[in-house]
$ cat data.txt   # compact mmCIF, C-alpha atoms
# COMPACT_ATOMS: atom_id res chain seq x y z
CA SER W 1 93.45 83.72 129.05
CA ILE W 2 90.56 86.16 128.39
CA PRO W 3 87.16 84.80 129.53
CA SER W 4 84.26 86.82 128.15
CA THR W 5 80.46 86.91 128.37
CA HIS W 6 78.18 88.35 125.68
CA LEU W 7 74.46 89.19 126.13
CA VAL W 8 72.19 90.28 123.26
CA ALA W 9 68.57 91.50 123.25
CA SER W 10 66.25 92.63 120.43
CA PHE W 11 62.79 94.22 120.36
CA SER W 12 60.83 94.87 117.15
CA PRO W 13 57.10 95.53 117.54
CA SER W 14 56.73 96.45 113.84
CA PRO W 15 58.78 96.27 110.61
CA ARG W 16 59.40 100.04 110.86
CA PHE W 17 60.76 100.11 114.40
CA SER W 18 63.35 98.05 116.28
CA ILE W 19 65.72 98.35 119.24
CA ASP W 20 68.78 96.12 119.67
CA GLY W 21 71.07 95.97 122.68
CA LYS W 22 74.18 94.06 123.62
CA TYR W 23 76.53 93.82 126.59
CA LEU W 24 80.03 92.33 126.59
CA TYR W 25 82.22 91.66 129.62
CA SER W 26 85.74 90.28 129.45
CA ASP W 27 88.49 89.87 132.04
CA GLY W 28 92.06 89.59 130.76
CA HIS W 29 95.08 88.51 132.80
CA ALA W 30 98.72 88.66 131.70
CA GLU W 31 102.06 87.78 133.30
CA SER W 32 105.56 88.41 131.92
CA ASN W 33 109.17 87.83 132.95
CA ARG W 34 112.29 89.40 131.44
CA ALA W 35 116.04 88.84 131.93
CA GLU W 36 118.56 91.24 130.41
CA THR W 37 122.33 91.63 130.50
CA LEU W 38 123.97 94.85 129.30
CA ALA W 39 127.74 95.33 128.88
CA LEU W 40 129.03 98.90 129.28
CA GLN W 41 132.58 99.54 128.03
CA LEU W 42 133.69 102.73 129.78
CA THR W 43 137.38 102.77 128.78
CA GLU W 44 139.86 100.41 127.22
CA GLY W 45 140.03 97.42 129.53
CA LEU W 46 137.22 98.59 131.84
CA THR W 47 133.80 97.01 131.29
CA LEU W 48 130.80 97.05 133.58
CA GLU W 49 127.95 94.54 133.40
CA GLN W 50 124.36 95.38 134.29
CA ILE W 51 121.96 92.51 135.00
CA VAL W 52 118.19 93.10 135.13
CA HIS W 53 115.45 90.65 136.15
CA ALA W 54 111.91 92.03 135.77
CA SER W 55 108.40 90.64 136.17
CA SER W 56 104.95 92.12 135.76
CA VAL W 57 101.33 91.12 136.35
CA SER W 58 98.30 92.91 134.91
CA ASP W 59 94.51 92.52 134.92
CA ARG W 60 92.07 94.16 132.51
CA PRO W 61 88.33 93.84 133.15
CA GLU W 62 86.35 95.46 130.30
CA HIS W 63 82.69 96.40 129.81
CA LEU W 64 80.99 97.24 126.51
CA GLY W 65 77.36 98.29 126.10
CA GLU W 66 75.60 99.22 122.86
CA ILE W 67 72.04 100.23 121.92
CA GLY W 68 70.87 100.48 118.33
CA LEU W 69 67.65 102.16 117.15
CA PHE W 70 65.92 101.95 113.76
CA ALA W 71 62.82 103.93 112.84
CA GLY W 72 61.22 104.05 109.39
CA LEU W 73 59.87 107.61 109.15
CA THR W 74 58.32 107.23 105.68
CA ASP W 75 58.52 104.76 102.83
CA ARG W 76 61.70 106.52 101.61
CA VAL W 77 63.30 107.92 104.78
CA ALA W 78 64.62 106.09 107.86
CA PHE W 79 66.47 107.15 110.99
CA LYS W 80 69.16 105.07 112.70
CA ASN W 81 71.19 105.68 115.85
CA VAL W 82 73.91 103.66 117.61
CA PHE W 83 74.98 104.60 121.14
CA GLU W 84 78.02 102.87 122.65
CA ILE W 85 79.79 102.94 126.03
CA ARG W 86 83.11 101.18 126.60
CA ARG W 87 85.14 101.08 129.80
CA PHE W 88 88.12 99.13 131.03
CA ASP W 89 90.47 99.30 134.04
CA LEU W 90 94.08 98.21 133.59
CA GLN W 91 95.71 97.31 136.89
CA GLY W 92 99.37 96.32 136.87
CA GLN W 93 102.28 95.64 139.21
CA PHE W 94 105.94 95.73 138.17
CA ALA W 95 109.06 94.57 140.02
CA ALA W 96 112.69 94.63 138.86
CA THR W 97 116.07 93.89 140.42
CA THR W 98 119.17 95.52 138.95
CA SER W 99 122.80 94.87 139.75
CA LEU W 100 125.92 96.63 138.39
CA GLY W 101 129.39 95.14 138.58
CA VAL W 102 132.20 93.68 136.52
CA PRO W 103 131.67 90.55 134.38
CA GLY W 104 131.51 87.50 136.61
CA GLN W 105 131.21 89.58 139.81
CA PRO W 106 127.72 91.10 140.08
CA GLY W 107 127.33 94.05 142.41
CA PRO W 108 124.63 94.63 145.04
CA GLU W 109 121.02 94.34 143.83
CA PHE W 110 118.65 97.30 143.70
CA LEU W 111 114.91 96.55 143.90
CA GLN W 112 112.35 98.73 142.15
CA GLU W 113 108.58 98.20 142.38
CA ALA W 114 105.76 100.13 140.78
CA GLU W 115 101.99 100.01 140.51
CA GLN W 116 99.76 101.54 137.86
CA VAL W 117 96.03 101.84 137.36
CA LEU W 118 94.64 103.08 134.04
CA GLU W 119 90.93 103.84 133.66
CA TYR W 120 89.65 104.26 130.10
CA ARG W 121 86.15 105.40 129.15
CA LEU W 122 84.68 105.88 125.66
CA VAL W 123 81.24 107.25 124.77
CA ARG W 124 80.23 107.22 121.09
CA ASN W 125 76.98 108.28 119.40
CA ARG W 126 76.22 107.93 115.67
CA PRO W 127 72.86 109.24 114.33
CA GLU W 128 72.18 108.61 110.65
CA ILE W 129 69.52 109.35 108.01
CA GLU W 130 68.86 107.00 105.09
CA PHE W 131 67.07 108.04 101.90
CA TYR W 132 65.87 105.30 99.55
CA LEU W 133 66.05 106.48 95.92
CA ASP W 134 64.64 103.15 94.74
CA PRO W 135 64.59 99.57 96.08
CA ARG W 136 68.23 99.08 95.00
CA LEU W 137 69.90 102.45 95.66
CA THR W 138 70.23 104.26 99.03
CA LEU W 139 71.91 107.50 100.05
CA TYR W 140 72.85 108.00 103.70
CA GLY W 141 74.68 110.47 105.90
CA GLY W 142 75.14 111.41 109.51
CA TYR W 143 77.29 112.64 112.36
CA GLN W 144 79.52 110.83 114.84
CA PHE W 145 80.63 112.08 118.26
CA GLU W 146 83.28 110.48 120.47
CA ASP W 147 84.34 111.37 124.02
CA ARG W 148 87.35 109.57 125.50
CA GLN W 149 88.57 109.94 129.08
CA VAL W 150 91.80 108.42 130.42
CA ASP W 151 92.92 108.55 134.06
CA ARG W 152 96.32 107.17 135.07
CA VAL W 153 97.37 106.54 138.67
CA PHE W 154 100.95 105.35 139.11
CA GLY W 155 103.86 105.55 141.52
CA LEU W 156 106.86 103.74 142.94
CA SER W 157 106.65 101.64 146.08
CA THR W 158 108.70 104.29 147.93
CA ASP W 159 106.25 107.10 147.09
CA THR W 160 103.97 108.36 149.81
CA GLU W 161 101.49 109.74 147.28
CA ASN W 162 100.63 108.39 143.85
CA GLU W 163 100.61 110.65 140.80
CA VAL W 164 97.36 111.06 138.85
CA LEU W 165 97.21 112.13 135.20
CA SER W 166 93.86 112.77 133.48
CA HIS W 167 93.11 113.59 129.88
CA SER W 168 90.00 113.81 127.73
CA ARG W 169 89.55 113.94 123.96
CA ARG W 170 86.45 114.76 121.93
CA SER W 171 86.16 114.20 118.20
CA HIS W 172 83.47 115.14 115.68
CA SER W 173 82.99 113.80 112.17
CA GLY W 174 80.49 113.88 109.34
CA PHE W 175 79.99 110.99 106.95
CA GLY W 176 78.02 110.19 103.84
CA GLY W 177 77.79 107.37 101.37
CA VAL W 178 75.86 105.36 98.87
CA ALA W 179 74.64 101.76 99.07
CA TRP W 180 73.65 99.65 96.06
CA ARG W 181 71.94 96.28 95.87
CA PRO W 182 72.88 94.72 92.52
CA TYR W 183 70.77 91.61 93.18
CA SER W 184 68.87 89.91 95.98
CA ARG W 185 70.65 89.93 99.36
CA ALA W 186 73.75 91.60 97.86
CA ARG W 187 75.02 95.02 99.00
CA VAL W 188 77.88 97.27 97.86
CA SER W 189 78.63 100.51 99.72
CA ALA W 190 81.10 103.39 99.58
CA GLU W 191 81.49 105.92 102.40
CA LEU W 192 83.52 109.08 103.06
CA GLU W 193 84.14 110.39 106.60
CA ILE W 194 85.85 113.67 107.49
CA GLY W 195 86.46 114.80 111.05
CA SER W 196 88.67 116.43 113.64
CA ALA W 197 89.39 116.29 117.37
CA ASP W 198 89.23 119.07 119.95
CA ASP W 199 92.42 117.89 121.64
CA SER W 200 94.97 115.07 121.54
CA PHE W 201 96.42 112.76 124.18
CA THR W 202 99.99 113.26 122.90
CA PRO W 203 101.65 115.99 120.77
CA THR W 204 101.81 113.60 117.81
CA GLU W 205 98.30 112.13 117.96
CA PRO W 206 96.41 113.02 114.75
CA ASP W 207 93.74 115.71 115.10
CA ASP W 208 92.31 115.74 111.55
CA PHE W 209 91.32 112.63 109.63
CA LEU W 210 89.78 111.50 106.34
CA ARG W 211 88.57 107.93 105.71
CA TRP W 212 87.28 106.10 102.66
CA ARG W 213 85.44 102.80 103.18
CA ILE W 214 84.37 100.48 100.36
CA GLN W 215 82.83 97.09 101.15
CA ALA W 216 80.49 94.54 99.63
CA ARG W 217 78.39 91.59 100.71
CA LEU W 218 77.96 89.16 97.81
CA PRO W 219 75.98 85.90 98.19
CA LEU W 220 77.54 83.43 95.73
CA SER W 221 75.16 80.52 96.28
CA GLU W 222 72.80 79.16 98.92
CA GLY W 223 74.65 79.55 102.22
CA LEU W 224 77.89 80.91 100.70
CA THR W 225 78.74 84.64 101.07
CA LEU W 226 81.81 86.65 100.03
CA THR W 227 82.64 89.96 101.76
CA PRO W 228 85.54 92.07 100.37
CA ARG W 229 86.43 95.49 101.84
CA LEU W 230 88.89 98.35 101.53
CA LEU W 231 89.79 101.10 104.03
CA ILE W 232 91.89 104.18 103.22
CA SER W 233 92.66 106.40 106.21
CA ASP W 234 94.80 109.56 106.24
CA ARG W 235 95.32 111.37 109.55
CA ASN W 236 97.55 114.29 110.46
CA ASN W 237 98.40 116.81 113.14
CA LYS W 238 99.87 120.12 112.01
CA SER W 239 98.92 122.24 115.03
CA SER W 240 101.45 120.85 117.53
CA GLY W 241 104.51 121.73 115.43
CA THR W 242 105.43 118.06 114.94
CA ASN W 243 103.98 117.76 111.40
CA PHE W 244 102.76 114.22 112.07
CA ASP W 245 101.12 112.03 109.39
CA LEU W 246 99.58 108.58 109.87
CA ASN W 247 98.47 106.75 106.71
CA GLN W 248 96.67 103.42 106.90
CA ARG W 249 95.53 101.01 104.20
CA GLN W 250 93.52 97.86 104.91
CA VAL W 251 92.39 95.20 102.45
CA GLY W 252 90.32 92.25 103.59
CA ILE W 253 88.15 89.43 102.34
CA ASP W 254 85.84 87.04 104.25
CA LEU W 255 84.15 83.84 103.09
CA VAL W 256 81.26 82.34 105.09
CA PHE W 257 79.33 79.14 104.48
CA ARG W 258 76.18 78.33 106.47
CA ASP W 259 74.73 74.90 105.93
CA PRO W 260 71.13 75.25 104.67
CA ASP W 261 70.13 72.44 107.04
CA GLN W 262 71.76 74.36 109.96
CA ARG W 263 74.11 71.50 110.83
CA PHE W 264 77.25 73.66 110.87
CA ASP W 265 78.84 76.85 109.58
CA ILE W 266 82.42 77.67 108.65
CA SER W 267 84.16 80.95 107.89
CA GLY W 268 87.60 82.19 107.00
CA GLY W 269 89.34 85.30 105.79
CA TYR W 270 92.48 87.32 105.18
CA ASN W 271 93.37 90.90 106.11
CA LEU W 272 96.36 93.05 105.23
CA PHE W 273 97.08 96.11 107.41
CA HIS W 274 99.60 98.54 105.93
CA LEU W 275 100.57 101.53 108.06
CA VAL W 276 103.14 104.30 107.61
CA SER W 277 103.72 107.12 110.09
CA LEU W 278 105.93 110.18 109.56
CA ALA W 279 106.85 112.77 112.18
CA ASP W 280 109.33 115.62 112.49
CA ILE W 281 111.89 115.10 115.26
CA SER W 282 114.47 117.44 116.78
CA PHE W 283 117.79 116.50 118.39
CA PHE W 284 121.33 117.73 118.98
CA LEU W 285 124.09 116.84 116.53
CA SER W 286 127.62 117.95 117.48
CA GLN W 287 126.07 120.20 120.13
CA GLU W 288 123.94 121.91 117.48
CA PRO W 289 120.13 121.57 117.12
CA ALA W 290 119.06 119.50 114.12
CA LEU W 291 115.78 118.40 112.50
CA ASP W 292 114.91 115.16 110.74
CA ARG W 293 111.94 112.99 109.78
CA SER W 294 111.01 109.84 111.73
CA ARG W 295 109.43 106.98 109.74
CA TYR W 296 107.63 103.85 110.95
CA ARG W 297 106.21 101.15 108.69
CA THR W 298 104.34 97.89 109.26
CA ASN W 299 102.64 95.24 107.11
CA LEU W 300 100.48 92.99 109.26
CA HIS W 301 98.99 89.81 107.74
CA HIS W 302 95.95 88.31 109.50
CA VAL W 303 94.44 84.92 108.61
CA TYR W 304 91.57 83.28 110.51
CA ALA W 305 89.23 80.28 110.35
CA ARG W 306 86.18 79.49 112.51
CA ALA W 307 83.53 76.77 112.74
CA GLY W 308 80.20 76.52 114.56
CA ILE W 309 78.30 73.35 115.41
CA PRO W 310 74.84 73.32 117.05
CA THR W 311 74.25 70.53 119.58
CA GLY W 312 70.71 70.70 120.89
CA ILE W 313 70.17 74.11 122.50
CA VAL W 314 73.92 74.75 122.87
CA ARG W 315 76.00 76.03 119.95
CA LEU W 316 79.73 75.24 120.02
CA ARG W 317 82.38 77.40 118.32
CA PHE W 318 86.04 76.82 117.47
CA GLY W 319 88.53 79.11 115.79
CA PHE W 320 92.14 79.89 114.94
CA GLN W 321 93.92 83.11 114.05
CA LEU W 322 97.42 83.90 112.81
CA LEU W 323 98.99 87.37 112.82
CA LYS W 324 102.38 87.88 111.21
CA ASP W 325 104.34 91.06 110.56
CA PRO W 326 107.74 90.26 109.03
CA ASP W 327 108.35 93.80 107.69
CA SER W 328 107.86 95.97 110.77
CA SER W 329 110.34 98.79 111.31
CA THR W 330 110.89 97.80 114.95
CA LEU W 331 109.94 94.16 115.53
CA ALA W 332 108.82 90.99 113.77
CA LEU W 333 105.54 89.66 115.19
CA ASP W 334 104.33 86.06 114.96
CA ARG W 335 101.13 85.45 116.97
CA HIS W 336 98.89 82.37 117.15
CA HIS W 337 95.40 82.66 118.59
CA VAL W 338 93.11 79.69 119.42
CA GLU W 339 89.54 80.20 120.64
CA ALA W 340 86.63 78.02 121.74
CA GLY W 341 83.22 78.88 123.12
CA PHE W 342 79.51 78.20 123.28
CA SER W 343 76.23 80.13 123.27
CA VAL W 344 72.89 79.28 124.86
CA PRO W 345 69.70 81.11 123.72
CA PHE W 346 67.00 82.10 126.21
CA ALA W 347 63.49 82.49 124.75
CA GLU W 348 63.73 84.55 121.53
CA VAL W 349 65.47 87.72 122.68
CA TRP W 350 68.30 86.62 125.02
CA SER W 351 71.40 84.51 124.57
CA TRP W 352 74.42 83.72 126.77
CA ASP W 353 77.76 83.67 124.97
CA THR W 354 81.08 82.55 126.49
CA THR W 355 84.45 82.40 124.70
CA TRP W 356 87.87 81.08 125.79
CA TYR W 357 91.06 82.32 124.14
CA TYR W 358 94.63 81.03 124.13
CA VAL W 359 97.29 83.34 122.71
CA ASN W 360 100.90 82.49 121.90
CA TYR W 361 103.16 85.01 120.24
CA GLU W 362 106.81 85.69 119.47
CA GLU W 363 108.54 89.02 118.95
CA GLN W 364 112.03 89.38 117.52
CA VAL W 365 113.71 92.66 118.38
CA ARG W 366 117.28 93.68 117.54
CA THR W 367 118.85 96.93 118.69
CA ASP W 368 122.51 97.93 118.41
CA ASN W 369 123.72 101.03 120.22
CA GLU W 370 127.24 102.43 120.19
CA TYR W 371 128.23 105.40 122.32
CA SER W 372 131.46 107.36 122.25
$ encode --input "data.txt" --output "structure tokens"
Amino acid sequence: SIPSTHLVASFSPSPRFSIDGKYLYSDGHAESNRAETLALQLTEGLTLEQIVHASSVSDRPEHLGEIGLFAGLTDRVAFKNVFEIRRFDLQGQFAATTSLGVPGQPGPEFLQEAEQVLEYRLVRNRPEIEFYLDPRLTLYGGYQFEDRQVDRVFGLSTDTENEVLSHSRRSHSGFGGVAWRPYSRARVSAELEIGSADDSFTPTEPDDFLRWRIQARLPLSEGLTLTPRLLISDRNNKSSGTNFDLNQRQVGIDLVFRDPDQRFDISGGYNLFHLVSLADISFFLSQEPALDRSRYRTNLHHVYARAGIPTGIVRLRFGFQLLKDPDSSTLALDRHHVEAGFSVPFAEVWSWDTTWYYVNYEEQVRTDNEYS
């Protein structure tokens, strides 16, 4: 379960100036158990059996804060800025017992325990300038800065001192686009973003990236809105010698209906995530160094439906999500996600939002290894 609390505040003394803020806190908890039996055939007629029983427990409290600023400088020029801070701490404990013996006669058990703490921090700032060519057409552009810091503390139960690994990554990007309003309350936009990172967490993490975003908001009738979108992202890392490429394509569509009498609202949508990664790998073949190309592919289908019902001052929400990836290169994912929550407004600028999630998923993994 992942209980969460969401607070929102807004301040707008004039049509040309506004400040919006939000704070989100969630606390996730996960437990897992695994049993595994591995048969090792050493020679003809000699087989060893390894039995593993493992369990893990993890907690993830997360904080997210965001402040948005809008200032109309003139009738044709406006300035916008979004500042975001995200932090979470992942605390986990792992225990496993392993025994090695012949089939039917397990050997003595070996206990292994480990603890790990991961601290993640993200700071993002996105200033932007908008220029209104006319009431229907807008040009905009800006700069985005990201600073990520990751600290890992981990060690075995037999260690006297834990090991600490720290890494930071800063990325810079410039973006620009055009927004068009074909009719009242409708908006179609196209944006190009190009950027790079100062460093990477791993040798294969992409340093340079290019993204195209195309999306629209199209009111079809009173209360009914259609929102299609397209994302094309190409990322690569040539500097580390791995020649790594990560190409992502995302197509989505959302449909929202809000009852004009404010009795209820319903929404639903579909998303397709297509991802392909390619990386050079090196290994030994017949005691000689060899090079090849590693390929990973996934097609993730995401379907969701939600409903909201106001009851006095409290607004109830219910939802369902389905994620399915039958074509993954490594595993087939089937995940069901049920959510329920409520929100309570305070005055005109504050609201309290609480959501409950239940997640059930299944992964099918098959691996065959043969050693000689």
$ closest_residue --input "data.txt" --among "W:Gln91, W:Ser12, W:Thr138, W:Asn247" --to "Asp234 of chain W" --atoms "all atoms listed in the file"
W:Asn247
$ atom_distance --input "data.txt" --atom1 "atom CA of Arg16 of chain W" --atom2 "atom CA of Phe83 of chain W"
19.2 Å
$ closest_residue --input "data.txt" --among "W:Phe175, W:Trp180, W:Phe244, W:Phe88" --to "Val150 of chain W" --atoms "all atoms listed in the file"
W:Phe88
$ closest_residue --input "data.txt" --among "W:His29, W:Pro108, W:Glu130, W:Thr47" --to "Gly92 of chain W" --atoms "only C-alpha atoms"
W:His29
$ residues_around --input "data.txt" --residues "His336 of chain W" --least-positions-apart "4" --cutoff "6 Å" --atoms "all atoms listed in the file" --output "PDB file with C-alpha atoms, keeping the file's coordinate frame"
ATOM      1  CA  GLN W 321      93.920  83.110 114.050  1.00  0.00           C
ATOM      2  CA  LEU W 322      97.420  83.900 112.810  1.00  0.00           C
ATOM      3  CA  VAL W 359      97.290  83.340 122.710  1.00  0.00           C
ATOM      4  CA  ASN W 360     100.900  82.490 121.900  1.00  0.00           C
ATOM      5  CA  TYR W 361     103.160  85.010 120.240  1.00  0.00           C
TER       6      TYR W 361
END
$ atom_distance --input "data.txt" --atom1 "atom CA of Tyr357 of chain W" --atom2 "atom CA of Tyr304 of chain W"
13.7 Å
$ atom_distance --input "data.txt" --atom1 "atom CA of Ser277 of chain W" --atom2 "atom CA of Asp208 of chain W"
14.4 Å
$ closest_residue --input "data.txt" --among "W:Glu49, W:Asp353, W:Asp265, W:Asp198" --to "Val102 of chain W" --atoms "only C-alpha atoms"
W:Glu49
$ closest_residue --input "data.txt" --among "W:Val117, W:Leu111, W:Val82, W:Leu73" --to "Arg60 of chain W" --atoms "only C-alpha atoms"
W:Val117
$ closest_residue --input "data.txt" --among "W:Phe79, W:Arg148, W:Ser171, W:Glu113" --to "Ile129 of chain W" --atoms "all atoms listed in the file"
W:Phe79
$ residues_around --input "data.txt" --residues "segment 98-100 of chain W" --least-positions-apart "3" --cutoff "7 Å" --atoms "all atoms listed in the file" --output "ChimeraX atom specification"
/W:48-53,106-111
$ decode --input "data.txt" --residues "segment 71-85 of chain W" --atoms "N, CA, C and O atoms" --output "PDB file, in the first residue's frame"
ATOM      1  N   ALA W  71       4.059  35.673 -14.640  1.00  0.00           N
ATOM      2  CA  ALA W  71       4.060  37.139 -14.621  1.00  0.00           C
ATOM      3  C   ALA W  71       3.887  37.648 -16.051  1.00  0.00           C
ATOM      4  O   ALA W  71       4.714  37.359 -16.931  1.00  0.00           O
ATOM      5  N   GLY W  72       2.807  38.378 -16.288  1.00  0.00           N
ATOM      6  CA  GLY W  72       2.599  39.014 -17.584  1.00  0.00           C
ATOM      7  C   GLY W  72       3.382  40.316 -17.652  1.00  0.00           C
ATOM      8  O   GLY W  72       3.009  41.312 -17.020  1.00  0.00           O
ATOM      9  N   LEU W  73       4.480  40.328 -18.428  1.00  0.00           N
ATOM     10  CA  LEU W  73       5.335  41.513 -18.498  1.00  0.00           C
ATOM     11  C   LEU W  73       4.704  42.613 -19.337  1.00  0.00           C
ATOM     12  O   LEU W  73       4.735  43.788 -18.959  1.00  0.00           O
ATOM     13  N   THR W  74       4.159  42.242 -20.500  1.00  0.00           N
ATOM     14  CA  THR W  74       3.432  43.183 -21.363  1.00  0.00           C
ATOM     15  C   THR W  74       2.208  42.456 -21.902  1.00  0.00           C
ATOM     16  O   THR W  74       1.919  41.327 -21.519  1.00  0.00           O
ATOM     17  N   ASP W  75       1.507  43.110 -22.816  1.00  0.00           N
ATOM     18  CA  ASP W  75       0.360  42.447 -23.428  1.00  0.00           C
ATOM     19  C   ASP W  75       0.772  41.274 -24.300  1.00  0.00           C
ATOM     20  O   ASP W  75      -0.037  40.372 -24.564  1.00  0.00           O
ATOM     21  N   ARG W  76       2.034  41.247 -24.771  1.00  0.00           N
ATOM     22  CA  ARG W  76       2.490  40.192 -25.677  1.00  0.00           C
ATOM     23  C   ARG W  76       3.553  39.274 -25.082  1.00  0.00           C
ATOM     24  O   ARG W  76       3.867  38.244 -25.673  1.00  0.00           O
ATOM     25  N   VAL W  77       4.126  39.622 -23.961  1.00  0.00           N
ATOM     26  CA  VAL W  77       5.230  38.848 -23.385  1.00  0.00           C
ATOM     27  C   VAL W  77       4.895  38.458 -21.946  1.00  0.00           C
ATOM     28  O   VAL W  77       4.412  39.281 -21.171  1.00  0.00           O
ATOM     29  N   ALA W  78       5.168  37.185 -21.607  1.00  0.00           N
ATOM     30  CA  ALA W  78       4.949  36.685 -20.251  1.00  0.00           C
ATOM     31  C   ALA W  78       6.135  35.826 -19.823  1.00  0.00           C
ATOM     32  O   ALA W  78       6.815  35.214 -20.659  1.00  0.00           O
ATOM     33  N   PHE W  79       6.369  35.803 -18.527  1.00  0.00           N
ATOM     34  CA  PHE W  79       7.449  35.002 -17.952  1.00  0.00           C
ATOM     35  C   PHE W  79       6.842  33.941 -17.037  1.00  0.00           C
ATOM     36  O   PHE W  79       5.945  34.219 -16.237  1.00  0.00           O
ATOM     37  N   LYS W  80       7.356  32.717 -17.161  1.00  0.00           N
ATOM     38  CA  LYS W  80       6.907  31.603 -16.317  1.00  0.00           C
ATOM     39  C   LYS W  80       8.123  30.893 -15.736  1.00  0.00           C
ATOM     40  O   LYS W  80       9.170  30.821 -16.396  1.00  0.00           O
ATOM     41  N   ASN W  81       7.970  30.369 -14.526  1.00  0.00           N
ATOM     42  CA  ASN W  81       9.054  29.599 -13.919  1.00  0.00           C
ATOM     43  C   ASN W  81       8.464  28.528 -13.008  1.00  0.00           C
ATOM     44  O   ASN W  81       7.531  28.792 -12.235  1.00  0.00           O
ATOM     45  N   VAL W  82       9.007  27.315 -13.104  1.00  0.00           N
ATOM     46  CA  VAL W  82       8.589  26.198 -12.252  1.00  0.00           C
ATOM     47  C   VAL W  82       9.825  25.669 -11.540  1.00  0.00           C
ATOM     48  O   VAL W  82      10.806  25.273 -12.186  1.00  0.00           O
ATOM     49  N   PHE W  83       9.778  25.664 -10.206  1.00  0.00           N
ATOM     50  CA  PHE W  83      10.876  25.160  -9.389  1.00  0.00           C
ATOM     51  C   PHE W  83      10.376  23.939  -8.621  1.00  0.00           C
ATOM     52  O   PHE W  83       9.323  23.987  -7.968  1.00  0.00           O
ATOM     53  N   GLU W  84      11.139  22.843  -8.693  1.00  0.00           N
ATOM     54  CA  GLU W  84      10.691  21.574  -8.109  1.00  0.00           C
ATOM     55  C   GLU W  84      11.816  20.945  -7.293  1.00  0.00           C
ATOM     56  O   GLU W  84      12.986  20.955  -7.696  1.00  0.00           O
ATOM     57  N   ILE W  85      11.442  20.382  -6.143  1.00  0.00           N
ATOM     58  CA  ILE W  85      12.355  19.610  -5.294  1.00  0.00           C
ATOM     59  C   ILE W  85      11.692  18.274  -4.983  1.00  0.00           C
ATOM     60  O   ILE W  85      10.541  18.229  -4.546  1.00  0.00           O
TER      61      ILE W  85
END
